[in-house]
>>> print(open('structure16.cif').read())   # mmCIF, N, CA and C atoms
data_data
#
loop_
_atom_site.label_atom_id
_atom_site.label_comp_id
_atom_site.auth_asym_id
_atom_site.auth_seq_id
_atom_site.Cartn_x
_atom_site.Cartn_y
_atom_site.Cartn_z
N MET A 1406 183.34 60.48 248.65
CA MET A 1406 184.42 61.10 247.94
C MET A 1406 184.79 62.45 248.55
N VAL A 1407 183.81 63.20 249.01
CA VAL A 1407 184.08 64.51 249.62
C VAL A 1407 184.91 64.33 250.88
N THR A 1408 184.58 63.34 251.68
CA THR A 1408 185.33 63.10 252.91
C THR A 1408 186.78 62.74 252.61
N ALA A 1409 187.00 61.92 251.61
CA ALA A 1409 188.36 61.55 251.22
C ALA A 1409 189.14 62.76 250.72
N ALA A 1410 188.48 63.61 249.94
CA ALA A 1410 189.14 64.82 249.44
C ALA A 1410 189.51 65.75 250.59
N ARG A 1411 188.64 65.87 251.57
CA ARG A 1411 188.94 66.72 252.73
C ARG A 1411 190.10 66.17 253.53
N ARG A 1412 190.14 64.85 253.70
CA ARG A 1412 191.27 64.23 254.41
C ARG A 1412 192.57 64.45 253.66
N HIS A 1413 192.52 64.30 252.35
CA HIS A 1413 193.72 64.49 251.54
C HIS A 1413 194.21 65.93 251.63
N ARG A 1414 193.29 66.88 251.51
CA ARG A 1414 193.64 68.30 251.60
C ARG A 1414 194.24 68.62 252.97
N ALA A 1415 193.67 68.06 254.04
CA ALA A 1415 194.18 68.29 255.39
C ALA A 1415 195.59 67.71 255.54
N ALA A 1416 195.82 66.55 254.95
CA ALA A 1416 197.15 65.94 255.02
C ALA A 1416 198.17 66.81 254.30
N ILE A 1417 197.81 67.31 253.13
CA ILE A 1417 198.73 68.18 252.38
C ILE A 1417 198.98 69.46 253.17
N GLU A 1418 197.94 70.04 253.73
CA GLU A 1418 198.10 71.26 254.52
C GLU A 1418 199.03 71.01 255.70
N GLY A 1419 198.87 69.89 256.38
CA GLY A 1419 199.75 69.55 257.50
C GLY A 1419 201.19 69.41 257.07
N GLU A 1420 201.40 68.81 255.92
CA GLU A 1420 202.76 68.65 255.38
C GLU A 1420 203.38 70.00 255.06
N VAL A 1421 202.61 70.88 254.45
CA VAL A 1421 203.12 72.20 254.10
C VAL A 1421 203.39 73.02 255.36
N ILE A 1422 202.52 72.95 256.33
CA ILE A 1422 202.73 73.66 257.60
C ILE A 1422 203.99 73.15 258.29
N ALA A 1423 204.18 71.85 258.27
CA ALA A 1423 205.38 71.28 258.90
C ALA A 1423 206.65 71.76 258.19
N ALA A 1424 206.58 71.91 256.87
CA ALA A 1424 207.76 72.31 256.11
C ALA A 1424 208.02 73.81 256.17
N LEU A 1425 206.96 74.62 256.14
CA LEU A 1425 207.12 76.07 255.99
C LEU A 1425 206.72 76.88 257.22
N GLY A 1426 205.97 76.29 258.11
CA GLY A 1426 205.50 77.00 259.28
C GLY A 1426 204.10 77.54 259.10
N ALA A 1427 203.36 77.52 260.18
CA ALA A 1427 201.94 77.92 260.15
C ALA A 1427 201.77 79.38 259.74
N GLU A 1428 202.66 80.25 260.21
CA GLU A 1428 202.51 81.67 259.88
C GLU A 1428 202.67 81.93 258.38
N ARG A 1429 203.64 81.29 257.76
CA ARG A 1429 203.85 81.49 256.32
C ARG A 1429 202.69 80.93 255.51
N VAL A 1430 202.19 79.77 255.93
CA VAL A 1430 201.07 79.16 255.21
C VAL A 1430 199.83 80.04 255.32
N GLU A 1431 199.57 80.56 256.49
CA GLU A 1431 198.41 81.44 256.67
C GLU A 1431 198.58 82.73 255.88
N ALA A 1432 199.80 83.29 255.87
CA ALA A 1432 200.05 84.51 255.09
C ALA A 1432 199.82 84.25 253.60
N ALA A 1433 200.25 83.10 253.13
CA ALA A 1433 200.04 82.75 251.71
C ALA A 1433 198.56 82.58 251.40
N ARG A 1434 197.83 81.96 252.32
CA ARG A 1434 196.38 81.78 252.13
C ARG A 1434 195.68 83.13 252.06
N LEU A 1435 196.03 84.03 252.94
CA LEU A 1435 195.42 85.36 252.94
C LEU A 1435 195.78 86.14 251.68
N LEU A 1436 197.03 86.03 251.24
CA LEU A 1436 197.45 86.71 250.02
C LEU A 1436 196.66 86.17 248.82
N MET A 1437 196.53 84.86 248.73
CA MET A 1437 195.79 84.28 247.61
C MET A 1437 194.33 84.73 247.64
N ALA A 1438 193.74 84.80 248.81
CA ALA A 1438 192.36 85.28 248.91
C ALA A 1438 192.25 86.72 248.41
N ASP A 1439 193.23 87.56 248.77
CA ASP A 1439 193.23 88.95 248.30
C ASP A 1439 193.38 89.02 246.78
N VAL A 1440 194.27 88.20 246.22
CA VAL A 1440 194.48 88.19 244.77
C VAL A 1440 193.19 87.76 244.06
N LEU A 1441 192.55 86.70 244.54
CA LEU A 1441 191.32 86.23 243.92
C LEU A 1441 190.21 87.27 244.00
N THR A 1442 190.14 87.96 245.12
CA THR A 1442 189.15 89.03 245.26
C THR A 1442 189.45 90.16 244.29
N HIS A 1443 190.70 90.54 244.19
CA HIS A 1443 191.10 91.61 243.27
C HIS A 1443 190.75 91.26 241.82
N LEU A 1444 190.91 90.00 241.46
CA LEU A 1444 190.63 89.56 240.10
C LEU A 1444 189.16 89.24 239.85
N GLY A 1445 188.34 89.32 240.91
CA GLY A 1445 186.92 89.03 240.77
C GLY A 1445 186.60 87.55 240.70
N ALA A 1446 187.54 86.72 241.12
CA ALA A 1446 187.35 85.27 241.04
C ALA A 1446 186.90 84.67 242.36
N ASP A 1447 186.69 85.50 243.37
CA ASP A 1447 186.34 84.96 244.69
C ASP A 1447 184.90 84.47 244.75
N ALA A 1448 183.96 85.14 244.11
CA ALA A 1448 182.55 84.73 244.17
C ALA A 1448 182.33 83.34 243.57
N PRO A 1449 182.86 83.06 242.36
CA PRO A 1449 182.66 81.71 241.82
C PRO A 1449 183.24 80.61 242.72
N LEU A 1450 184.35 80.91 243.38
CA LEU A 1450 184.93 79.91 244.27
C LEU A 1450 184.07 79.70 245.51
N ARG A 1451 183.52 80.79 246.02
CA ARG A 1451 182.68 80.67 247.23
C ARG A 1451 181.44 79.81 246.97
N ILE A 1452 180.87 79.94 245.78
CA ILE A 1452 179.66 79.17 245.49
C ILE A 1452 179.96 77.88 244.73
N ARG A 1453 181.26 77.55 244.66
CA ARG A 1453 181.72 76.29 244.03
C ARG A 1453 181.37 76.22 242.55
N ARG A 1454 181.48 77.35 241.86
CA ARG A 1454 181.18 77.38 240.43
C ARG A 1454 182.42 77.68 239.60
N ALA A 1455 183.59 77.44 240.16
CA ALA A 1455 184.82 77.68 239.43
C ALA A 1455 185.00 76.59 238.37
N LYS A 1456 185.44 77.02 237.20
CA LYS A 1456 185.68 76.05 236.11
C LYS A 1456 187.03 75.36 236.32
N PRO A 1457 187.10 74.08 236.06
CA PRO A 1457 188.39 73.40 236.20
C PRO A 1457 189.37 73.89 235.14
N PRO A 1458 190.67 73.76 235.43
CA PRO A 1458 191.67 74.20 234.44
C PRO A 1458 191.59 73.34 233.19
N ARG A 1459 192.01 73.93 232.07
CA ARG A 1459 192.01 73.18 230.79
C ARG A 1459 193.34 72.56 230.55
#
>>> encode(input="structure16.cif", output="structure tokens")
Amino acid sequence: MVTAARRHRAAIEGEVIAALGAERVEAARLLMADVLTHLGADAPLRIRRAKPPR
């Protein structure tokens, strides 16, 4: 299941990069990482302890 999820995520990432460009996608990724760090939510994500949405 993990392998399938990784393949799916890579396919979505490729689609988004094709539509928006690699630079914009990377900038968005970096911005989201900064936001999560600012909110203190980065540690739970790093150790895979984030709660799923309700």
>>> atom_distance(input="structure16.cif", atom1="atom N of Ala1427 (chain A)", atom2="CA of Val1407 (chain A)")
25.5 Å
>>> atom_distance(input="structure16.cif", atom1="atom C of Ala1446 (chain A)", atom2="CA of Ala1433 (chain A)")
16.2 Å
>>> atom_distance(input="structure16.cif", atom1="CA of Ala1438 (chain A)", atom2="atom N of Arg1451 (chain A)")
10.3 Å
>>> select_by_dssp(input="structure16.cif", residues="chain A", states="alpha helix (DSSP H)", output="PyMOL selection string")
chain A and resi 1407-1425+1427-1443+1447-1451
